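This report concerns only the one structure given below.
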Amino acid sequence: MANPSYILRGALVIDPSNGVHEVRDIAVCHGRIVPVSAAHGAAVVELPGLVLTPGLIDLHTHLREPGQSDKETIASGTRAAAAGGYTTVVAMPNTQPPIDTCERLAEVLERVRRNAVVRVLQTAALSRDRKGRELTDARALAGAGAGALTDDGSCIQDESLMRRALEQARAAGLPVIDHCEDETLAASGVMHPGVVARELGLAGKSAASEEVVVARNGRLALETGWPVHMQHLSSAGSVNEVRQALSRGAPVSAEVTPHNLALTEEACRTCGTNAKMNPPLRTEADRQALIAGLQDGTIGVIATDHAPHTQAEKARDFATAPFGVIGLESAVPVCLTLLYHSGILGLSQLVSKLTLGPKQVLGLSQGSLECGAPADITILDMNREFVLDASQFRSLARNCPFHGWNCRGKAVATMVAGEWVFSELPHVTGRV
Ligand SMILES: [Zn+2]
């Protein structure tokens, strides 16, 4: 039965986009949120003691299709998303080949239509082949369904080319999201250049390599009047650059990953290559600055940078293994444990970083529970205590630095367009 109607009863509803924080009923009909009075004959689902939020949105996901289906596929990655509480993922274009033409975009969107179990917003590259030399056709890509433009994994180095990229994106009405990295400063660094890198004998990638591009993007956003979203901030200096750009009125936004919020360079000793990512884990002072940036609103988004790799690739030595860790199935437990239960963020504040924040960056209709919005919903059990076990993940990959963590709180059911796609609740049947 497609899209039956439901009344979801008795949960604590947290909807930051509408300032809702109370126990109330939510009704769903034909894939949309409707007034309870309009849900005639609806099945009642009792959810006492649970939290109901707009479906979570991950602004930064690598689904690896086309070209790297040994790492992840659209099917496996979106099943992981559903199991992690996410109803929309924003897919990065650094596939093989990269999504830099309308033809390639159409092909990946067809794969999404056939295989995805949650919504996928597909981004396209800012520059041809993500080389930072020649811009893609922003207007054509917008017409073909691109959700945003980014060269993630790379970064346009030439400031005048980046300015033109923003002007073209503005003309096309497409959001720009940027992996901020100066290649000259980053050199061949593989981790934060601190005590641990010296002890392990590994090359460092300085915080300045990120900060100079965050500063440049703030300047360009102000000059062009077109927003730039800064991906995965890793340093205190970057948080300061975003804060200063905002204070000057620049239309910028920023995200931080759960791993940069939870871990420091010390994890490179204990987690090995599962602590190798770009940007790297940095110092405790950087971690605290990222948390402060979340608290004061400088950083509006928590995004996973879900970056699956095969176990063989991550079994290489630290210097040669690929960058990145998975996050779709660990983000909610880690954030609830680390940020909510410790009192760092209130519940509405945390849910906002996973719903309203991403919604605002990309101008999405989802991320809200107002009547008429898509019925994308996440149910959280705030007090479920469990040990994170990466061997049980839906993702094809296992490169998770949080394997074995004691967590409190997780997503227990996920609805996309009025259909349960994931459920651990005894009285609700999900698909994955
Ligand atoms: Zn990146």
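Residue numbering restarts at 1 for every chain of the structure tokens, chains are lettered A, B, ... in their displayed order, and ligands are numbered from 1 as they appear.
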- Can you pull out every residue within 9 Å of A:Asn406, counting only C-alpha atoms, but drop anything in the same chain fewer than 2 positions away, and send it as a ChimeraX atom specification? /A:337,385-388,402,404,408
Write the residues of the selection above to a file with N, CA, C and O atoms, as a PDB file, in the first residue's frame.
ATOM      1  N   THR A 337      25.233  11.602  22.108  1.00  0.00           N
ATOM      2  CA  THR A 337      26.053  11.268  23.272  1.00  0.00           C
ATOM      3  C   THR A 337      26.970  12.431  23.643  1.00  0.00           C
ATOM      4  O   THR A 337      27.028  12.865  24.798  1.00  0.00           O
ATOM      5  N   GLU A 385      20.817   2.875  25.067  1.00  0.00           N
ATOM      6  CA  GLU A 385      22.252   2.726  25.289  1.00  0.00           C
ATOM      7  C   GLU A 385      22.741   1.496  24.544  1.00  0.00           C
ATOM      8  O   GLU A 385      22.133   0.429  24.647  1.00  0.00           O
ATOM      9  N   PHE A 386      23.806   1.668  23.782  1.00  0.00           N
ATOM     10  CA  PHE A 386      24.313   0.554  22.974  1.00  0.00           C
ATOM     11  C   PHE A 386      25.764   0.809  22.592  1.00  0.00           C
ATOM     12  O   PHE A 386      26.263   1.929  22.721  1.00  0.00           O
ATOM     13  N   VAL A 387      26.409  -0.232  22.121  1.00  0.00           N
ATOM     14  CA  VAL A 387      27.794  -0.128  21.651  1.00  0.00           C
ATOM     15  C   VAL A 387      27.765  -0.072  20.127  1.00  0.00           C
ATOM     16  O   VAL A 387      27.189  -0.944  19.486  1.00  0.00           O
ATOM     17  N   LEU A 388      28.355   0.980  19.558  1.00  0.00           N
ATOM     18  CA  LEU A 388      28.380   1.120  18.096  1.00  0.00           C
ATOM     19  C   LEU A 388      29.197  -0.019  17.487  1.00  0.00           C
ATOM     20  O   LEU A 388      30.349  -0.225  17.854  1.00  0.00           O
ATOM     21  N   PHE A 402      34.459   5.354  15.242  1.00  0.00           N
ATOM     22  CA  PHE A 402      33.647   5.259  16.460  1.00  0.00           C
ATOM     23  C   PHE A 402      33.230   3.820  16.781  1.00  0.00           C
ATOM     24  O   PHE A 402      32.429   3.595  17.686  1.00  0.00           O
ATOM     25  N   GLY A 404      32.867   0.555  18.489  1.00  0.00           N
ATOM     26  CA  GLY A 404      33.120   0.209  19.880  1.00  0.00           C
ATOM     27  C   GLY A 404      32.765   1.296  20.880  1.00  0.00           C
ATOM     28  O   GLY A 404      32.890   1.082  22.087  1.00  0.00           O
ATOM     29  N   ARG A 408      24.610   6.754  23.635  1.00  0.00           N
ATOM     30  CA  ARG A 408      23.285   6.890  24.237  1.00  0.00           C
ATOM     31  C   ARG A 408      22.433   7.723  23.282  1.00  0.00           C
ATOM     32  O   ARG A 408      22.677   8.920  23.121  1.00  0.00           O
TER      33      ARG A 408
END
- Message: Taking 2 positions as the minimum chain separation for residues in the same chain, which residues sit within 7 Å of stretch 28-34 of chain A when counting only C-alpha atoms? Answer as a ChimeraX atom specification.
- Response: /A:3-7,26,36,38-39,369-375,417-418
- Show which residues sit within 9 Å of stretch 9-12 of chain A, as a VMD selection string. Count only C-alpha atoms, and ignore same-chain residues fewer than 4 positions away. chain A and resid 21 to 27 44 to 53 379
- Task: Could you jot down the atom CA of A:Gln122 to atom CA of A:Gly147 separation for me, Å, one decimal place?
- Result: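 Separating atom CA of A:Gln122 from atom CA of A:Gly147 is a distance of 5.6 Å.
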- Kindly compile the residues surrounding ligand 1 within 10 Å, counting only C-alpha atoms and all ligand atoms, and format them as JSON, numbers by chain. {"A": [60, 61, 62, 92, 94, 150, 151, 152, 153, 154, 155, 177, 178, 179, 180, 181, 230, 231, 232, 233, 277, 278, 279, 305, 307, 323, 324]}
For the residues in that selection, give me N, CA, C and O atoms as a compact mmCIF listing (two decimals), in the first residue's frame.
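And here is the file that came out, result33.txt:
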# COMPACT_ATOMS: atom_id res chain seq x y z
N HIS A 60 26.65 16.47 3.22
CA HIS A 60 27.97 16.08 2.71
C HIS A 60 28.12 14.56 2.73
O HIS A 60 28.58 13.98 3.72
N THR A 61 27.75 13.92 1.61
CA THR A 61 27.79 12.45 1.51
C THR A 61 28.50 12.05 0.22
O THR A 61 28.28 12.65 -0.82
N HIS A 62 29.34 11.03 0.32
CA HIS A 62 29.95 10.44 -0.88
C HIS A 62 29.30 9.08 -1.11
O HIS A 62 29.47 8.17 -0.30
N MET A 92 28.11 14.22 -3.21
CA MET A 92 29.23 14.96 -3.78
C MET A 92 29.53 14.44 -5.20
O MET A 92 29.30 13.28 -5.51
N ASN A 94 32.48 14.07 -6.78
CA ASN A 94 33.83 13.56 -7.09
C ASN A 94 33.82 12.05 -7.26
O ASN A 94 34.56 11.31 -6.62
N THR A 150 29.97 22.17 -6.38
CA THR A 150 31.13 22.04 -5.50
C THR A 150 32.20 21.21 -6.19
O THR A 150 31.87 20.31 -6.97
N ASP A 151 33.45 21.51 -5.92
CA ASP A 151 34.56 20.66 -6.37
C ASP A 151 35.06 19.79 -5.23
O ASP A 151 36.22 19.37 -5.22
N ASP A 152 34.23 19.47 -4.27
CA ASP A 152 34.67 18.81 -3.03
C ASP A 152 35.76 17.77 -3.25
O ASP A 152 35.70 16.97 -4.17
N GLY A 153 36.72 17.80 -2.36
CA GLY A 153 37.93 16.99 -2.51
C GLY A 153 39.02 17.82 -3.13
O GLY A 153 40.21 17.58 -2.91
N SER A 154 38.60 18.82 -3.91
CA SER A 154 39.53 19.80 -4.48
C SER A 154 38.94 21.18 -4.24
O SER A 154 37.82 21.30 -3.75
N CYS A 155 39.70 22.19 -4.65
CA CYS A 155 39.30 23.56 -4.36
C CYS A 155 39.88 24.44 -5.47
O CYS A 155 41.08 24.34 -5.78
N ILE A 177 29.06 25.25 -2.57
CA ILE A 177 29.65 24.73 -1.34
C ILE A 177 31.10 24.38 -1.64
O ILE A 177 31.42 23.88 -2.71
N ASP A 178 31.99 24.71 -0.71
CA ASP A 178 33.42 24.65 -1.05
C ASP A 178 34.24 23.92 0.01
O ASP A 178 34.09 24.13 1.21
N HIS A 179 35.11 23.07 -0.50
CA HIS A 179 36.15 22.40 0.30
C HIS A 179 37.33 23.38 0.32
O HIS A 179 37.98 23.58 -0.69
N CYS A 180 37.55 24.00 1.46
CA CYS A 180 38.50 25.12 1.54
C CYS A 180 39.91 24.59 1.80
O CYS A 180 40.22 24.14 2.92
N GLU A 181 40.74 24.63 0.76
CA GLU A 181 42.10 24.12 0.94
C GLU A 181 43.06 24.77 -0.06
O GLU A 181 42.86 24.64 -1.26
N MET A 230 30.92 26.76 3.54
CA MET A 230 32.26 26.19 3.77
C MET A 230 32.11 24.79 4.36
O MET A 230 31.54 24.62 5.44
N GLN A 231 32.70 23.82 3.66
CA GLN A 231 32.59 22.44 4.11
C GLN A 231 33.56 22.15 5.24
O GLN A 231 34.60 22.78 5.38
N HIS A 232 33.19 21.18 6.05
CA HIS A 232 34.03 20.57 7.09
C HIS A 232 35.14 21.45 7.69
O HIS A 232 36.33 21.17 7.51
N LEU A 233 34.75 22.47 8.46
CA LEU A 233 35.76 23.28 9.16
C LEU A 233 36.50 22.39 10.16
O LEU A 233 35.91 21.55 10.82
N MET A 277 41.71 11.73 7.71
CA MET A 277 40.71 12.38 6.88
C MET A 277 41.21 13.76 6.47
O MET A 277 42.19 14.28 7.02
N ASN A 278 40.53 14.34 5.47
CA ASN A 278 40.91 15.65 4.98
C ASN A 278 39.70 16.57 5.01
O ASN A 278 38.73 16.30 4.31
N PRO A 279 39.72 17.66 5.80
CA PRO A 279 40.81 18.10 6.66
C PRO A 279 41.04 17.14 7.83
O PRO A 279 40.15 16.38 8.17
N ASP A 305 30.33 14.14 6.02
CA ASP A 305 31.44 13.83 5.10
C ASP A 305 31.65 12.32 5.03
O ASP A 305 32.78 11.83 5.08
N ALA A 307 32.58 9.16 3.88
CA ALA A 307 33.57 8.89 2.83
C ALA A 307 34.00 7.43 2.88
O ALA A 307 35.01 7.08 3.49
N PHE A 323 42.13 9.33 2.31
CA PHE A 323 41.50 10.16 3.34
C PHE A 323 40.02 9.81 3.49
O PHE A 323 39.36 9.52 2.50
N GLY A 324 39.50 9.90 4.71
CA GLY A 324 38.05 9.85 4.88
C GLY A 324 37.55 8.74 5.76
O GLY A 324 38.16 7.68 5.87
- Item | Selected residue, from A:Ala245, A:Val239, A:Val334, A:Met415, that lies nearest to A:Val117 when counting only C-alpha atoms |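 Using only C-alpha atoms, the shortest distance to A:Val117 belongs to A:Met415.
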- Message: Between atom CA of A:Pro227 and atom CA of A:Pro93, what distance in Å does the model show, to one decimal?
- Response: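 Separating atom CA of A:Pro227 from atom CA of A:Pro93 is a distance of 19.4 Å.
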- From the list A:Asp381, A:Glu329, A:Glu107, A:Glu241, which residue is nearest A:Ser76 when using only C-alpha atoms?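 The closest residue to A:Ser76 is A:Glu329.
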- A:Ser253, A:Val176, A:Ala267, A:Ala236 ranked by distance to A:Arg287, top pick (using only C-alpha atoms): A:Ala236
- Query: Pick the closest to A:Leu396 from A:Ala221, A:Leu63, A:Val20, A:Val212: which is it, counting only C-alpha atoms?
  - Reply: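 Selected residue with least distance to A:Leu396: A:Leu63.
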